[in-house]
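Quick look at run_7.tsv (TSV, C-alpha atoms):
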chain	number	residue	atom	x	y	z
A	20	MET	CA	22.46	-4.70	-15.88
A	21	ILE	CA	19.63	-6.64	-17.47
A	22	ALA	CA	17.20	-4.68	-19.63
A	23	GLU	CA	13.89	-4.05	-17.91
A	24	GLU	CA	11.79	-5.64	-20.68
A	25	THR	CA	13.89	-8.80	-20.54
A	26	LEU	CA	13.62	-9.02	-16.75
A	27	VAL	CA	9.84	-8.58	-16.85
A	28	ALA	CA	9.53	-11.23	-19.57
A	29	GLN	CA	11.61	-13.66	-17.50
A	30	LEU	CA	9.55	-12.94	-14.37
A	31	LYS	CA	6.41	-13.85	-16.29
A	32	ASP	CA	7.93	-17.09	-17.60
A	33	LYS	CA	7.64	-20.06	-15.20
A	34	GLU	CA	10.96	-21.53	-16.35
A	35	ASN	CA	13.01	-18.41	-15.60
A	36	GLN	CA	10.92	-16.88	-12.83
A	37	ALA	CA	12.97	-17.96	-9.83
A	38	LYS	CA	16.28	-16.73	-11.22
A	39	ALA	CA	14.72	-13.51	-12.49
A	40	PHE	CA	13.22	-12.88	-9.06
A	41	GLU	CA	16.66	-13.09	-7.48
A	42	VAL	CA	17.96	-10.52	-9.94
A	43	LEU	CA	14.97	-8.29	-9.20
A	44	VAL	CA	15.46	-8.50	-5.44
A	45	ASN	CA	19.18	-7.91	-5.71
A	46	THR	CA	18.71	-4.88	-7.91
A	47	TYR	CA	16.01	-3.08	-5.96
A	48	LYS	CA	16.18	-4.28	-2.35
A	49	GLU	CA	18.20	-1.41	-0.91
A	50	ARG	CA	16.37	1.40	-2.66
A	51	LEU	CA	12.99	-0.01	-1.70
A	52	TYR	CA	14.12	-0.75	1.85
A	53	TRP	CA	15.25	2.80	2.56
A	54	HIS	CA	12.13	4.23	0.99
A	55	ILE	CA	10.00	2.02	3.26
A	56	ARG	CA	12.19	2.69	6.29
A	57	ARG	CA	11.71	6.43	6.01
A	58	ILE	CA	7.96	5.83	6.14
A	59	VAL	CA	7.66	3.24	8.91
A	60	MET	CA	10.86	4.22	10.80
A	61	ASN	CA	11.45	0.91	12.55
A	62	HIS	CA	13.78	-1.77	11.04
A	63	ASP	CA	11.68	-4.86	11.88
A	64	ASP	CA	8.53	-3.27	10.46
A	65	SER	CA	10.46	-2.18	7.37
A	66	ASP	CA	11.68	-5.75	6.88
A	67	ASP	CA	8.08	-7.04	7.02
A	68	VAL	CA	6.84	-4.40	4.58
A	69	LEU	CA	9.77	-4.94	2.20
A	70	GLN	CA	9.14	-8.69	2.10
A	71	ASN	CA	5.40	-8.11	1.56
A	72	THR	CA	6.28	-5.73	-1.27
A	73	PHE	CA	8.48	-8.23	-3.09
A	74	ILE	CA	5.96	-11.04	-2.61
A	75	LYS	CA	3.22	-8.78	-4.00
A	76	VAL	CA	5.41	-7.82	-6.98
A	77	PHE	CA	6.15	-11.50	-7.69
A	78	ARG	CA	2.49	-12.53	-7.44
A	79	ASN	CA	1.20	-9.62	-9.56
A	80	ILE	CA	3.87	-9.43	-12.25
A	81	GLU	CA	1.29	-10.72	-14.78
A	82	ASN	CA	-0.65	-7.49	-14.18
A	83	PHE	CA	2.35	-5.30	-15.00
A	84	LYS	CA	1.69	-4.03	-18.51
A	85	GLY	CA	4.85	-1.91	-18.94
A	86	GLU	CA	2.90	1.35	-19.10
A	87	SER	CA	5.22	2.77	-16.45
A	88	LYS	CA	8.73	1.78	-15.49
A	89	LEU	CA	9.06	-1.41	-13.42
A	90	TYR	CA	10.86	0.63	-10.78
A	91	SER	CA	7.97	3.14	-10.50
A	92	TRP	CA	5.45	0.29	-10.23
A	93	MET	CA	7.45	-1.39	-7.46
A	94	TYR	CA	7.95	1.89	-5.66
A	95	ARG	CA	4.18	2.47	-5.78
A	96	ILE	CA	3.52	-0.98	-4.28
A	97	ALA	CA	6.12	-0.35	-1.58
A	98	THR	CA	4.59	3.05	-0.73
A	99	ASN	CA	1.08	1.62	-0.50
A	100	GLU	CA	2.24	-1.33	1.60
A	101	ALA	CA	4.08	1.00	3.99
A	102	LEU	CA	1.17	3.42	4.33
A	103	SER	CA	-1.31	0.55	4.83
A	104	PHE	CA	1.01	-0.86	7.48
A	105	LEU	CA	1.00	2.46	9.32
A	106	LYS	CA	-2.81	2.71	9.10
A	107	ALA	CA	-3.16	-0.78	10.53
A	108	LYS	CA	-0.68	0.06	13.29
A	109	SER	CA	-2.51	3.25	14.26
A	110	ARG	CA	-5.82	1.30	14.33
A	111	LYS	CA	-4.25	-1.39	16.50
A	112	LEU	CA	-2.81	1.16	18.93
A	113	GLY	CA	-5.97	3.26	18.91
A	114	GLN	CA	-3.95	6.33	17.87
A	115	SER	CA	-4.48	8.92	15.18
A	116	SER	CA	-1.92	8.84	12.37
A	117	GLU	CA	-0.36	12.08	13.68
A	118	ALA	CA	-0.01	10.65	17.17
A	119	LEU	CA	1.55	7.50	15.72
A	120	GLN	CA	4.12	9.58	13.81
A	121	GLU	CA	5.09	11.25	17.06
A	122	THR	CA	5.35	7.89	18.84
A	123	LEU	CA	7.53	6.40	16.09
A	124	VAL	CA	9.91	9.33	15.92
A	125	ASN	CA	10.23	9.49	19.71
A	126	GLN	CA	11.22	5.83	19.70
A	127	LEU	CA	14.18	6.62	17.44
A	128	GLU	CA	16.26	7.93	20.33
A	129	SER	CA	16.35	4.52	21.97
A	130	ASP	CA	16.37	2.58	18.68
A	131	VAL	CA	19.57	0.57	18.29
A	132	TYR	CA	19.23	0.91	14.50
A	133	PHE	CA	19.14	4.70	14.56
A	134	GLU	CA	22.67	6.11	14.60
A	135	GLY	CA	21.86	9.74	13.90
A	136	ASP	CA	23.23	12.63	15.94
A	137	GLU	CA	21.18	15.34	17.61
A	138	ILE	CA	20.58	17.33	14.44
A	139	GLN	CA	19.64	14.21	12.45
A	140	LEU	CA	17.15	13.24	15.17
A	141	LYS	CA	15.71	16.75	15.14
A	142	LEU	CA	15.40	16.56	11.36
A	143	GLN	CA	13.43	13.30	11.68
A	144	LYS	CA	11.16	14.97	14.24
A	145	ALA	CA	10.62	17.87	11.86
A	146	ILE	CA	9.80	15.52	8.97
A	147	ALA	CA	7.37	13.61	11.20
A	148	THR	CA	5.26	16.77	11.60
A	149	LEU	CA	4.64	16.99	7.84
A	150	PRO	CA	1.41	15.78	6.22
A	151	GLU	CA	1.80	12.31	4.71
A	152	LYS	CA	2.26	13.30	1.08
A	153	GLN	CA	4.64	16.17	1.81
A	154	LYS	CA	6.72	13.83	3.94
A	155	LEU	CA	6.89	11.29	1.11
A	156	ILE	CA	7.87	13.94	-1.44
A	157	PHE	CA	10.49	15.47	0.85
A	158	ASN	CA	12.11	12.10	1.61
A	159	MET	CA	12.10	11.02	-2.02
A	160	ARG	CA	13.58	14.28	-3.25
A	161	TYR	CA	15.96	15.16	-0.43
A	162	PHE	CA	17.32	11.80	0.75
A	163	GLN	CA	16.80	9.57	-2.24
A	164	GLU	CA	17.48	12.37	-4.76
A	165	LEU	CA	14.86	11.07	-7.16
A	166	LYS	CA	14.05	13.31	-10.13
A	167	TYR	CA	10.72	15.06	-10.08
A	168	ASP	CA	9.68	13.05	-13.17
A	169	GLU	CA	10.33	9.82	-11.32
A	170	ILE	CA	8.43	10.99	-8.23
A	171	SER	CA	5.58	12.10	-10.50
A	172	ASP	CA	5.33	8.57	-11.96
A	173	ILE	CA	5.31	6.99	-8.53
A	174	LEU	CA	2.90	9.33	-6.75
A	175	ASP	CA	0.80	10.22	-9.80
A	176	THR	CA	1.19	13.94	-9.06
A	177	SER	CA	2.22	16.70	-11.44
A	178	VAL	CA	5.82	17.93	-11.37
A	179	GLY	CA	4.58	21.42	-10.54
A	180	GLY	CA	2.58	20.09	-7.62
A	181	LEU	CA	5.59	18.14	-6.38
A	182	LYS	CA	7.87	21.17	-6.53
A	183	ALA	CA	5.34	23.21	-4.58
A	184	SER	CA	4.98	20.46	-1.97
A	185	TYR	CA	8.72	20.06	-1.65
A	186	HIS	CA	9.24	23.79	-1.23
A	187	LEU	CA	6.52	23.92	1.43
A	188	ALA	CA	7.97	20.92	3.25
A	189	ALA	CA	11.46	22.41	3.22
A	190	LYS	CA	10.14	25.69	4.66
A	191	LYS	CA	8.28	23.92	7.46
A	192	ILE	CA	11.37	21.87	8.32
A	193	GLN	CA	13.52	24.99	8.39
A	194	SER	CA	11.06	26.71	10.74
A	195	TYR	CA	10.97	23.67	13.00
A	196	LEU	CA	14.76	23.42	13.14
A	197	LYS	CA	15.17	27.12	13.90
A	198	GLU	CA	12.99	26.75	17.00
A	199	ASP	CA	14.86	25.65	20.11
B	29	MET	CA	25.52	55.71	-10.65
B	30	ASP	CA	25.91	55.24	-14.39
B	31	LYS	CA	25.27	58.59	-16.19
B	32	LYS	CA	22.85	57.09	-18.70
B	33	TYR	CA	20.25	56.39	-15.97
B	34	LYS	CA	20.26	59.99	-14.63
B	35	LYS	CA	18.15	61.06	-17.62
B	36	GLU	CA	15.07	59.21	-16.24
B	37	GLY	CA	15.01	61.38	-13.12
B	38	PHE	CA	15.25	58.52	-10.57
B	39	THR	CA	18.04	58.52	-7.94
B	40	VAL	CA	19.25	56.07	-5.28
B	41	PRO	CA	20.82	56.57	-1.83
B	42	ASP	CA	24.63	56.99	-1.73
B	43	GLY	CA	26.49	53.68	-1.67
B	44	TYR	CA	23.38	51.69	-2.52
B	45	PHE	CA	24.88	49.55	-5.29
B	46	GLU	CA	28.21	49.14	-3.49
B	47	GLY	CA	26.51	47.65	-0.44
B	48	LEU	CA	24.00	45.50	-2.35
B	49	ASN	CA	26.18	42.44	-2.70
B	50	LYS	CA	26.93	42.35	1.02
B	51	ARG	CA	23.26	42.68	1.96
B	52	LEU	CA	22.21	39.89	-0.41
B	53	GLN	CA	24.88	37.58	0.96
B	54	GLY	CA	23.63	38.19	4.47
B	55	ARG	CA	20.09	37.23	3.50
B	56	LEU	CA	21.22	34.09	1.70
B	57	ASP	CA	23.17	32.94	4.76
B	58	GLU	CA	20.06	33.38	6.90
B	59	ASP	CA	17.83	31.38	4.56
B	60	ASP	CA	20.39	28.74	3.77
B	61	LEU	CA	19.93	26.18	6.55
B	62	VAL	CA	22.32	23.29	6.23
B	63	LEU	CA	20.44	20.02	6.66
B	64	PRO	CA	22.25	16.74	7.28
B	65	LYS	CA	22.38	14.67	4.12
B	66	GLU	CA	22.19	11.30	5.94
B	67	ASP	CA	19.01	10.33	7.74
B	68	GLY	CA	20.72	8.34	10.50
B	69	PHE	CA	18.91	5.04	9.92
B	70	ALA	CA	20.97	1.83	10.07
B	71	VAL	CA	20.39	-1.89	9.43
B	72	PRO	CA	21.59	-5.04	11.22
B	73	ASP	CA	24.76	-6.55	9.76
B	74	GLY	CA	24.09	-8.92	6.88
B	75	TYR	CA	20.44	-7.93	6.62
B	76	PHE	CA	20.40	-7.42	2.86
B	77	ASP	CA	22.36	-10.62	2.25
B	78	SER	CA	19.79	-12.72	4.08
B	79	LEU	CA	16.74	-11.16	2.45
B	80	GLN	CA	16.58	-13.46	-0.60
B	81	ASP	CA	16.54	-16.59	1.59
B	82	LYS	CA	13.67	-15.21	3.65
B	83	LEU	CA	11.69	-14.42	0.51
B	84	ASN	CA	12.38	-17.86	-0.98
B	85	SER	CA	11.13	-19.62	2.13
B	86	ARG	CA	7.98	-17.49	2.21
B	87	LEU	CA	7.26	-18.26	-1.43
B	88	GLY	CA	8.11	-21.93	-0.88
B	89	GLU	CA	5.68	-22.18	2.07
B	90	ALA	CA	2.93	-20.54	0.05
B	91	GLU	CA	3.46	-23.04	-2.78
B	92	GLU	CA	3.26	-26.00	-0.35
B	93	SER	CA	0.04	-24.85	1.23
B	94	ARG	CA	-1.49	-24.41	-2.24
B	95	VAL	CA	-0.54	-28.05	-3.08
B	96	ILE	CA	-1.94	-29.41	0.17
B	97	LYS	CA	-5.30	-27.74	-0.44
B	98	LEU	CA	-5.85	-29.83	-3.59
B	99	ASN	CA	-6.22	-33.10	-1.66
B	100	PRO	CA	-9.38	-32.31	0.33
B	101	TRP	CA	-11.10	-31.30	-2.92
B	102	LYS	CA	-10.45	-34.75	-4.37
B	103	LYS	CA	-12.24	-36.30	-1.38
B	104	TYR	CA	-15.16	-33.91	-1.77
B	105	TYR	CA	-15.51	-34.84	-5.43
B	106	LEU	CA	-15.58	-38.53	-4.50
B	107	VAL	CA	-18.21	-37.94	-1.83
B	108	ALA	CA	-20.28	-35.75	-4.17
B	109	ALA	CA	-20.04	-38.38	-6.91
B	110	SER	CA	-21.22	-41.13	-4.51
B	111	VAL	CA	-24.15	-39.03	-3.31
B	112	ALA	CA	-25.12	-38.18	-6.89
B	113	ALA	CA	-25.04	-41.88	-7.77
B	114	LEU	CA	-27.27	-42.69	-4.78
B	115	ILE	CA	-29.75	-39.99	-5.77
B	116	VAL	CA	-29.96	-41.34	-9.30
B	117	ILE	CA	-30.64	-44.85	-7.92
B	118	VAL	CA	-33.32	-43.58	-5.50
B	119	ILE	CA	-35.03	-41.47	-8.15
B	120	GLY	CA	-34.94	-44.41	-10.54
B	121	PHE	CA	-36.56	-46.59	-7.85
B	122	ARG	CA	-39.25	-44.05	-7.03
B	123	LEU	CA	-40.03	-43.38	-10.67
B	124	GLY	CA	-41.02	-47.01	-10.91
B	125	GLN	CA	-43.86	-46.30	-8.44
B	126	PRO	CA	-46.60	-43.91	-9.41
B	127	GLU	CA	-46.76	-41.19	-6.76
B	128	GLU	CA	-47.88	-37.65	-6.53
B	129	PHE	CA	-44.92	-35.30	-6.97
B	130	THR	CA	-45.00	-32.48	-4.43
B	131	PHE	CA	-43.03	-29.29	-3.87
B	132	SER	CA	-41.10	-30.81	-1.01
B	133	ASP	CA	-39.61	-33.33	-3.43
B	134	LEU	CA	-37.92	-30.59	-5.42
B	135	ALA	CA	-34.42	-29.67	-4.23
B	136	ASN	CA	-34.00	-25.97	-3.40
B	137	ALA	CA	-31.31	-25.74	-6.06
B	138	GLU	CA	-33.74	-26.90	-8.73
B	139	LEU	CA	-36.37	-24.40	-7.59
B	140	GLU	CA	-33.84	-21.56	-7.62
B	141	SER	CA	-32.60	-22.54	-11.06
B	142	TYR	CA	-36.16	-22.66	-12.42
B	143	LEU	CA	-37.03	-19.25	-10.95
B	144	ASN	CA	-33.84	-17.68	-12.33
B	145	GLU	CA	-34.22	-19.07	-15.85
B	146	ASN	CA	-37.92	-18.58	-16.38
B	147	ASP	CA	-39.96	-15.39	-16.56
B	148	LEU	CA	-42.86	-16.02	-14.20
B	149	GLY	CA	-44.63	-12.85	-15.29
B	150	LEU	CA	-44.90	-11.81	-11.64
B	151	THR	CA	-44.08	-8.30	-10.47
B	152	SER	CA	-41.96	-7.67	-7.38
B	153	TYR	CA	-45.12	-6.61	-5.51
B	154	GLU	CA	-46.88	-9.88	-6.31
B	155	ILE	CA	-43.89	-11.88	-5.12
B	156	ALA	CA	-43.59	-9.72	-1.97
B	157	GLU	CA	-47.23	-10.42	-1.13
B	158	VAL	CA	-46.57	-14.15	-0.75
B	159	LEU	CA	-43.07	-13.94	0.78
B	160	PRO	CA	-43.09	-14.28	4.59
B	161	VAL	CA	-40.86	-11.21	5.11
B	162	GLU	CA	-40.96	-11.24	8.92
B	163	GLU	CA	-39.29	-14.62	9.03
B	164	ILE	CA	-36.58	-13.85	6.51
B	165	GLU	CA	-33.22	-12.34	7.45
B	166	VAL	CA	-30.58	-10.94	5.09
B	167	ASN	CA	-28.33	-13.91	5.80
B	168	ASP	CA	-31.01	-16.27	4.49
B	169	ILE	CA	-30.65	-14.77	1.05
B	170	LEU	CA	-27.05	-13.66	0.92
B	171	ASP	CA	-24.02	-15.76	1.72
B	172	ASN	CA	-22.09	-13.87	4.31
B	173	ASP	CA	-18.53	-14.95	3.93
B	174	LEU	CA	-17.05	-11.65	4.94
B	175	ASN	CA	-14.68	-11.83	7.78
B	176	GLU	CA	-13.76	-8.84	9.89
B	177	GLU	CA	-10.44	-8.37	8.13
B	178	ASN	CA	-12.15	-8.05	4.72
B	179	ILE	CA	-14.55	-5.47	6.13
B	180	ILE	CA	-11.72	-3.44	7.64
B	181	ASP	CA	-9.70	-3.61	4.40
B	182	TYR	CA	-12.75	-2.41	2.42
B	183	LEU	CA	-13.34	0.48	4.84
B	184	ASP	CA	-9.65	1.32	4.83
B	185	GLU	CA	-9.66	1.73	1.07
B	186	ASN	CA	-12.93	3.60	0.81
B	187	VAL	CA	-13.21	5.71	3.94
B	188	GLU	CA	-10.78	8.58	4.42
B	189	ASP	CA	-11.10	8.88	8.14
B	190	LEU	CA	-12.08	5.74	10.01
B	191	TYR	CA	-12.84	7.81	13.07
B	192	GLU	CA	-15.90	9.18	11.22
B	193	LEU	CA	-17.45	5.74	11.60
B	194	ASN	CA	-17.25	5.93	15.40
B	195	ILE	CA	-15.97	2.37	15.61
B	196	GLU	CA	-15.18	1.29	19.14
B	197	TYR	CA	-12.02	-0.70	19.61
B	198	ASN	CA	-11.95	-3.55	22.06
B	199	GLU	CA	-8.44	-3.49	23.55
Taking this structure as input, can you express it in the form of C-alpha cells?
Amino acid sequence: MIAEETLVAQLKDKENQAKAFEVLVNTYKERLYWHIRRIVMNHDDSDDVLQNTFIKVFRNIENFKGESKLYSWMYRIATNEALSFLKAKSRKLGQSSEALQETLVNQLESDVYFEGDEIQLKLQKAIATLPEKQKLIFNMRYFQELKYDEISDILDTSVGGLKASYHLAAKKIQSYLKED
Amino acid sequence: MDKKYKKEGFTVPDGYFEGLNKRLQGRLDEDDLVLPKEDGFAVPDGYFDSLQDKLNSRLGEAEESRVIKLNPWKKYYLVAASVAALIVIVIGFRLGQPEEFTFSDLANAELESYLNENDLGLTSYEIAEVLPVEEIEVNDILDNDLNEENIIDYLDENVEDLYELNIEYNE
C-alpha cells in the first residue's frame, strides 16, 4: 500500500499522474461507491456521482494541502457531489427533498440492483425518514463502521455531536421498525 | 441483604436483589433490536473493473476538447493583428492631414481607460447630472455572461431553501 504523501506527490506530478490516478481509483473506488450509493440509492446515479467525484479529485489535487487525510478529503467531495446531485434531482422533479427520499426508497422494491429482504427494505425506509445529516452519520457509522474521528474529519462535526446524532438516529430507526 | 447495610435504616422488598438480574435482562432484550448488517444494495457484474476505463475516456475527451479550443484563438489573434495594422495605417494617413479631432474619433476603450486612470475631480452627483440615466440599462454597463446554470448553482450554495424564492418551474 503506497504511502499517502507519496501518492499525492505523484498525482501532482505530470509524469506520474496517470499511473497514480489508477492506484487512487483502485484503492478508494469501492468505499466511495458504497458511501455514494447509500445517499443516492440508485446504481446508475451512483456511477455518475462516483465518476464526477474522481474527476473532481483529479482536477483539484493541486488544492489538496495535506491538512486532512486524502481519504477524508475525497469522502467530503463524494458527499457534496451526492448531496448536490439529490438537490438537482429534486429541483428537476419539482419535489421537496423529503418527498424525493420517499420516491427513491419506494423504487428500491423494483430495483434489480437491490437484493435486500423485507427487513433490509424496511431498514432503508426507516433511514430515508431521517434528516440528511443524521442519515449520513448513521450510514457511515453503522454500515461503513467508520470511527467517529474519521466521520468528524469528513463532516466537520464534533465527535460528541456525532455520537448524539447517531444515538438519535438509531432510536428513530428502532421506533420505525417496531411499528407494523 | 448484607448486614452492614442494615445500620443505615433503609430496607428493600423481599427477593429484590435476587430478581434484579432477570428484570435487567428482560429490559435489554426489549431495547436490543437486531438490525441487518448488510444494506441490500448490489452492483452489476464487473462494474468496478470497468470504472477505470470510463474515467480514462472522460479525462481523455476533456483533454482533446481543451486542445481543440486553442486553434480558434490563433485565428482571432491573426485577425486582431491585421485589424490593428490597418488602424495604424489609417491613423498614419489621417495624421498627415490637419483635421479637427472630435470625441467620435476616440474609441470607447480609450475613453474608458482615460476615465479609469485619471481623477477628473468630479463627484458622483456631477457625473449623474450629465448621464442620460433613462436610456441606460444594467446590461449596458455590466457584461452579463451568467447562464441559468451558474445562477442556479450560486443559489444552491447560498440559499438554504430554494422554495423560499418562489421560483416557478416550467415542466
What residues in chain A have any atom no more than 6 Å from chain B when counting only C-alpha atoms, and can you write them as a ChimeraX atom specification?
-> /A:132-135
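Relative to CA of Glu121 in chain A, CA of Lys182 in chain A is found at 25.7 Å.
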Rank B:Ser85, B:Asn186, B:Asn49, B:Ser78 by their smallest atom-to-atom distance to Asp66 in chain A, using only C-alpha atoms, and report the top residue only.
-> B:Ser78
Hey, what's within 12 Å of Arg95 in chain A if we count all atoms listed in the file and toss same-chain stuff fewer than 2 positions away? As a JSON list (two decimals) with C-alpha atoms, in the coordinates of the input, please?
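Result file follows (around-v9.json):
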[["chain", "number", "residue", "atom", "x", "y", "z"],
["A", 51, "LEU", "CA", 12.99, -0.01, -1.70],
["A", 54, "HIS", "CA", 12.13, 4.23, 0.99],
["A", 55, "ILE", "CA", 10.00, 2.02, 3.26],
["A", 72, "THR", "CA", 6.28, -5.73, -1.27],
["A", 73, "PHE", "CA", 8.48, -8.23, -3.09],
["A", 75, "LYS", "CA", 3.22, -8.78, -4.00],
["A", 76, "VAL", "CA", 5.41, -7.82, -6.98],
["A", 87, "SER", "CA", 5.22, 2.77, -16.45],
["A", 88, "LYS", "CA", 8.73, 1.78, -15.49],
["A", 89, "LEU", "CA", 9.06, -1.41, -13.42],
["A", 90, "TYR", "CA", 10.86, 0.63, -10.78],
["A", 91, "SER", "CA", 7.97, 3.14, -10.50],
["A", 92, "TRP", "CA", 5.45, 0.29, -10.23],
["A", 93, "MET", "CA", 7.45, -1.39, -7.46],
["A", 97, "ALA", "CA", 6.12, -0.35, -1.58],
["A", 98, "THR", "CA", 4.59, 3.05, -0.73],
["A", 99, "ASN", "CA", 1.08, 1.62, -0.50],
["A", 100, "GLU", "CA", 2.24, -1.33, 1.60],
["A", 101, "ALA", "CA", 4.08, 1.00, 3.99],
["A", 102, "LEU", "CA", 1.17, 3.42, 4.33],
["A", 155, "LEU", "CA", 6.89, 11.29, 1.11],
["A", 169, "GLU", "CA", 10.33, 9.82, -11.32],
["A", 170, "ILE", "CA", 8.43, 10.99, -8.23],
["A", 171, "SER", "CA", 5.58, 12.10, -10.50],
["A", 172, "ASP", "CA", 5.33, 8.57, -11.96],
["A", 173, "ILE", "CA", 5.31, 6.99, -8.53],
["A", 174, "LEU", "CA", 2.90, 9.33, -6.75],
["A", 175, "ASP", "CA", 0.80, 10.22, -9.80]]
Closest to Ala107 in chain A among A:Val59, A:Val131, A:Val44, A:Val178, using only C-alpha atoms?
-> A:Val59
If we count all atoms listed in the file, what is near Ala183 in chain A at a cut-off of 10 Å, once residues fewer than 6 positions away on the same chain are taken out, given as number ranges by chain?
-> A: 153, 177, 189
Could you list, as a compact mmCIF listing (two decimals) with C-alpha atoms, keeping the file's coordinate frame, every residue within 12 Å of Pro150 in chain A, counting all atoms listed in the file and ignoring same-chain residues fewer than 4 positions away?
# COMPACT_ATOMS: atom_id res chain seq x y z
CA ILE A 58 7.96 5.83 6.14
CA SER A 116 -1.92 8.84 12.37
CA GLU A 117 -0.36 12.08 13.68
CA GLN A 120 4.12 9.58 13.81
CA ALA A 145 10.62 17.87 11.86
CA ILE A 146 9.80 15.52 8.97
CA LYS A 154 6.72 13.83 3.94
CA LEU A 155 6.89 11.29 1.11
CA ILE A 156 7.87 13.94 -1.44
CA PHE A 157 10.49 15.47 0.85
CA SER A 184 4.98 20.46 -1.97
CA TYR A 185 8.72 20.06 -1.65
CA LEU A 187 6.52 23.92 1.43
CA ALA A 188 7.97 20.92 3.25
CA LYS A 191 8.28 23.92 7.46
CA ILE A 192 11.37 21.87 8.32
Distance criterion (all atoms listed in the file): nearest to Glu41 in chain A out of A:Gln126, A:Asn158, A:Asn82, A:Gln29 = A:Gln29
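Nearest to Thr122 in chain A of all the residues A:Gln36, A:Asn61, A:Asn71, A:Gln163 is A:Asn61, counting all atoms listed in the file.
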